[in-house]
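Below you'll find the structure, written out as structure tokens, and then a few comments.
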Amino acid sequence: MGLSILLRGTVQEKLNWAFNLYDINKDGYITKEEMLDIMKAIYDMMGKCTYPVLREDAPRQHVETFFQKMDKNKDGVVTIDEFIESCQKDENIMRSMQLFENVI
């Protein structure tokens, strides 16, 4: 289902899917801990042989940058509305939402 959303879904469906990926406990919020768990998993999948070599604190730095950008009311969690609004304003994120549109 996730692949179908990524390939054929609307931008809204893709953003909802991405939010749900990070919202591990499905409570409607992304916490720093949830985001860090996902970032560590992604960095682990990339392996130690990346170029340039990633610093040990790269996942935590990614999380901090994410929260500075997305946690609009600075309450320590990111809601679906904050996530979607921030993503829609980010050209890079919106461009990445279109990467798979013509794959199949």
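Naming works like this for the structure tokens: A, B, ... for the chains as they're shown, residue 1 at the start of each chain, ligands 1 onward in shown order.
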- Quick one: DSSP alpha helix (DSSP H) residues in chain A, as a VMD selection string? chain A and resid 2 to 8 11 to 22 32 to 46 58 to 70 80 to 89 91 to 97
Could you give me, as a tab-separated table, every segment 43-98 of chain A residue with an atom at most 10 Å from segment 24-37 of chain A, plus its closest atom pair and distance in Å to one decimal, counting only C-alpha atoms, rows ordered by chain then number?
residue	atom	partner	partner_atom	distance
A:Pro59	CA	A:Leu36	CA	6.4
A:Arg60	CA	A:Leu36	CA	6.3
A:Gln61	CA	A:Leu36	CA	9.4
A:His62	CA	A:Leu36	CA	8.4
A:Val63	CA	A:Leu36	CA	6.2
A:Glu64	CA	A:Lys32	CA	8.0
A:Phe66	CA	A:Met35	CA	8.8
A:Phe67	CA	A:Lys32	CA	7.6
A:Asp71	CA	A:Ile30	CA	9.6
A:Asp75	CA	A:Thr31	CA	10.0
A:Gly76	CA	A:Thr31	CA	6.8
A:Val77	CA	A:Thr31	CA	4.9
A:Val78	CA	A:Ile30	CA	5.0
A:Thr79	CA	A:Tyr29	CA	4.8
A:Ile80	CA	A:Gly28	CA	6.8
A:Asp81	CA	A:Tyr29	CA	9.9
A:Glu82	CA	A:Tyr29	CA	9.8
A:Phe83	CA	A:Ile30	CA	9.0
Let's see if you can do this: from backbone DSSP, list all strand (DSSP E) residues in segment 16-103 of chain A, as a compact mmCIF listing (two decimals) with N, CA and C atoms, in the first residue's frame.
# COMPACT_ATOMS: atom_id res chain seq x y z
N TYR A 29 1.15 12.68 16.79
CA TYR A 29 2.28 13.60 16.98
C TYR A 29 3.58 12.89 16.65
N ILE A 30 4.52 13.65 16.11
CA ILE A 30 5.88 13.14 15.96
C ILE A 30 6.70 13.76 17.08
N THR A 31 7.30 12.91 17.90
CA THR A 31 8.18 13.40 18.97
C THR A 31 9.62 13.32 18.49
N VAL A 77 6.48 18.74 19.90
CA VAL A 77 5.94 17.70 19.03
C VAL A 77 5.52 18.36 17.71
N VAL A 78 5.44 17.54 16.66
CA VAL A 78 4.99 18.02 15.36
C VAL A 78 3.67 17.34 15.05
N THR A 79 2.65 18.15 14.80
CA THR A 79 1.34 17.63 14.44
C THR A 79 1.28 17.41 12.93
- Using only C-alpha atoms, which of A:Ile84, A:Leu7, A:Leu99, A:Met70 sits nearest Asn20 of chain A? A:Ile84
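The nearest approach to Ile5 of chain A among the residues A:Asp57, A:Trp17, A:Met46, A:Asp90, with only C-alpha atoms taken into account, belongs to A:Trp17.
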- Task: One decimal, Å: what's the distance from atom CA of Thr65 of chain A over to atom CA of Arg95 of chain A, could you say?
- Result: 19.2 Å
- For Ile38 of chain A, which of A:Leu21, A:Leu6, A:Leu15, A:Leu54 is the closest residue, counting only C-alpha atoms? A:Leu21
